[in-house]
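Data first, discussion second: the structure below is written as C-alpha cells.
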Amino acid sequence: MRYSPGSAPVFLLVIMVLCVVLAAPGHVCGATATATDPPADTSAIGSDHAGEEFTWRVTSDDPSLSSWRNLRSRSGYTVAQNDMLPPGAKGAAPERPALDWETGEGKSYVVPALEIPAFIVLLNAFDRIALHDKKTDDGKRTYATNPSTFWHQLTHQDWTFDQDTFKVNQFGHPYEGATMYGLARSSGLNFWQSLVYSNAGSFLWEMAGENSRPSTNDLITTGNAGALLGEALFRMADLVLEEGGGNPPIGHRLAAAAISPPTAVNRLLFGKRFDTVFPNHSPATLWLCRAGFSLDVHSKNLTAPVKESSQDSIGIVEFSMAYGLPGKPGYSYHRPLDYFNFEISTRARQDNLVDTLTIRGLLKGERYEIGRDYRGIWGLYGSYDYISPYVFRVSSTALSLGTTAQYWITPGVAAQGSLLGGVGFGATGLESDVREERGYHYGVTPQVLLAMNFLFGDRAMVDLSGRWYYVSSVGPDHDGSESVFRGHSALTVRIHGNHALGLQYSESIRDTNYANIPTKYRSEGTLSLVYTFVSDRAFGAVEWRDAADR
C-alpha cells in the first residue's frame, strides 16, 4: 500500500471532530467513577447490565463527583422494526432481526465477506488514480492488477519485507486493517471473528491489491495492529452514538462516522438491522484534548540538516482516552478491550503529521483487589505503537503480560498505572535523508512499558511514562540491532471547570549497533506548553469506597 497524502489530514480532522463532540454540553461518557454509596442489591448491575444501571454524571456544581444519577442502561437499546402490515395483509416479507449484541442474533458473516473485497477493489482503483501508478524499476505498475496477476501472486507466494516509507507500512496499513476490521465488527461479529476478517483482508490485499511482491511486514501490521486500532475506534464511535440516545441526532451520527467510517457505512446501508448501539456497559473513562506548541530543547548527535529543522517551534494537537479504568463496581472485563488506552498526537509538519499513535488493551484478563484501597486488572494485553519524533521512527505490534491498577494513597490522592512486558514484531528507522545510516530495520522486539498517573483531587495530575524497545537481529535483518527509549512527563493543572493548562516534556533516544555502519547514539528532548480540556473534574480517579472508609 502506498501513502495517500490525504490520509493524515483526514485522521487529524477525526481527532478535532471527536474533541468537539465529546466536549459538547451534557456529555457524560467522560464520567469515571461509580457511586460512593451503592444500593444494597447490586446484582442488577452485573456483567449483562440488564435493567437499571448507575453511572456518574459530571456537573459544574459537583466537582467532587460524589453524586449519583440513576440512568436507564443504554446497553439494552432495541431498534424499532418497520411498521407491520395489518393482519391478513399479503405481500409482507419476513424482517431480518435487528442486531442483538448480547446474543449475536442478527449478525452477519456474509456482509463483511462481500464488503472487504469491494473495499480492496475501491482502494486499488483510488491508488491507481491518486498515485498515478508509475512503472517501477522492473517495468511493473504496482496497482495494475488483474486476474492473471492475482493468480501469479497466489501460486508463487514470493514473500519479502518491503522498504516502503515508514508512515505507509506502520500507519497506513494498520488504518487499512482497521477499516476492514470495522466492516466485520459493525456487522455484529465479535473481536476474534473480526480479527480473522482483518487478517483475511490483509492477505487478499497482498495477493490482489498490489502487483509487487507480497510483504510479510504488511501482512502482520495490517491485520493485527489494524484490529486493535479498529476496536478502539469502534468503541469510541459507539460511545458517541450512545450519548445520543435511542435516536442519535445528526451531529452525533456525523461524529461517529468520522471516528469509525465502517460503522457508519453499515448503519447507512442496512438501516435498522445494524442500528443497535454496542453495549459499552458504562465504563469508567477519562479523555483529554490538548492543543499548544512544542520546541526542541536539546538534541545530540544529529546531522546538520536534521538538527536545524528539529529546532523549529511547531503547533501540536493531542487526544487520549482511557476506557474501562479499574475499580468501578459492577463493570466486568469479559470482552477484549473492555479496558484500553488510546493516544494520538499530531505535529504541524507536512511530511509527518502523526507524531504518536499508541493503543494498549486487555485481551483476556481478570479483576483483582488488595485491601480496601487497591483495585486492578491483569492479563494478556495487545498493543500497537507508532512513535515518530523528528529524529527517528519506531513501531511495534505486540502481546504482553501486565497489569493496570489504581491505589488510593490518601483520601484525596490516587495513583493509577500500567506495567507491561512482552514481545512483538517491530520496525525502526529514519525518515530524513541521512545516507550513512540504514533507513529501515525489522525484527522481533522485546519491550517494556511503565505508565503512572498521580491524581491530586480536582486540582492537578502528574503523568509519567517510559517505553523501551529492543529491535533485535531475530528477523529479516541479521547484521545488527537497535535500542529505543521514549520517556514522557506532564503536569496538568486545572484552571476552571474542565479547563486546564499543561507542561510536557518528552525524551527520545535511539542507540544503533550494526555491522555495516558506525554505532551511533541519538537523542532529542521536546518541551510543550498546552491547553487541556479534561473530561473528568477528578482526572479519572475511580471511587469504590464507602464514605466512612475514605
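Ordering of the C-alpha cells sets the chain letters (A, B, ...), residue numbers begin anew at 1 in every chain, and ligands are numbered from 1 in the order given.
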Residue set, range 219-424 of chain A restricted to alpha helix (DSSP H), as a PyMOL selection string: chain A and resi 219-220+226-243+250-259+261-270+304-310
Contact residues around range 320-330 of chain A with only C-alpha atoms at 7 Å, ignoring same-chain residues under 4 positions, as a ChimeraX atom specification: /A:33-34,45-47,283-289,338-344,375-377,405-406,542,544
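For the choices A:Ala178, A:Leu239, A:Ile517, A:Leu154, the atom-to-atom distance to Pro214 in chain A is smallest for A:Leu154 when using only C-alpha atoms.
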Between CA of Trp378 in chain A and CA of Met452 in chain A - distance in Å to one decimal: 15.7 Å
Option closest in space to Arg347 in chain A, from A:Ser528, A:Gln163, A:Ser215, A:Thr404 [counting only C-alpha atoms]: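 Using only C-alpha atoms, the shortest distance to Arg347 in chain A belongs to A:Ser528.
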Give me the residues of range 230-259 of chain A that have any atom at most 12 Å from an atom of range 384-399 of chain A; for each, the nearest atom pair and the distance in Å, rounded to one decimal. Use only C-alpha atoms, sort by chain and number, and format it as a tab-separated table.
```
residue	atom	partner	partner_atom	distance
A:Gly230	CA	A:Tyr384	CA	11.1
A:Glu231	CA	A:Tyr384	CA	11.9
A:Ala232	CA	A:Tyr384	CA	11.2
```
Neighbour list for Val413 in chain A as a PyMOL selection string, cut-off 6 Å, only C-alpha atoms, skip fewer than 6 positions in-chain: chain A and resi 455-457
Just to be explicit: take each residue in the selection above, keep N, CA, C and O atoms, and write the result as a compact mmCIF listing (two decimals), in the first residue's frame.
```
# COMPACT_ATOMS: atom_id res chain seq x y z
N LEU A 455 -2.91 11.54 40.79
CA LEU A 455 -4.09 12.39 40.72
C LEU A 455 -4.30 13.10 42.05
O LEU A 455 -4.51 12.44 43.08
N PHE A 456 -4.23 14.41 42.04
CA PHE A 456 -4.34 15.21 43.25
C PHE A 456 -5.71 15.88 43.31
O PHE A 456 -5.88 17.05 42.98
N GLY A 457 -6.71 15.07 43.68
CA GLY A 457 -8.07 15.56 43.79
C GLY A 457 -8.55 16.16 42.48
O GLY A 457 -8.37 15.58 41.41
```
Which of range 448-529 of chain A DSSP labels strand (DSSP E), written as a VMD selection string: chain A and resid 448 to 456 460 to 471 480 to 496 499 to 514 520 to 529
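Nearest residue to Ser294 in chain A, choosing from A:Ala130, A:Ile509, A:Ala348, A:Ala547 and counting only C-alpha atoms: A:Ala348.
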Which of A:Gly426, A:Pro147, A:Pro112, A:Pro117 sits closest to Pro476 in chain A [using only C-alpha atoms]: A:Gly426
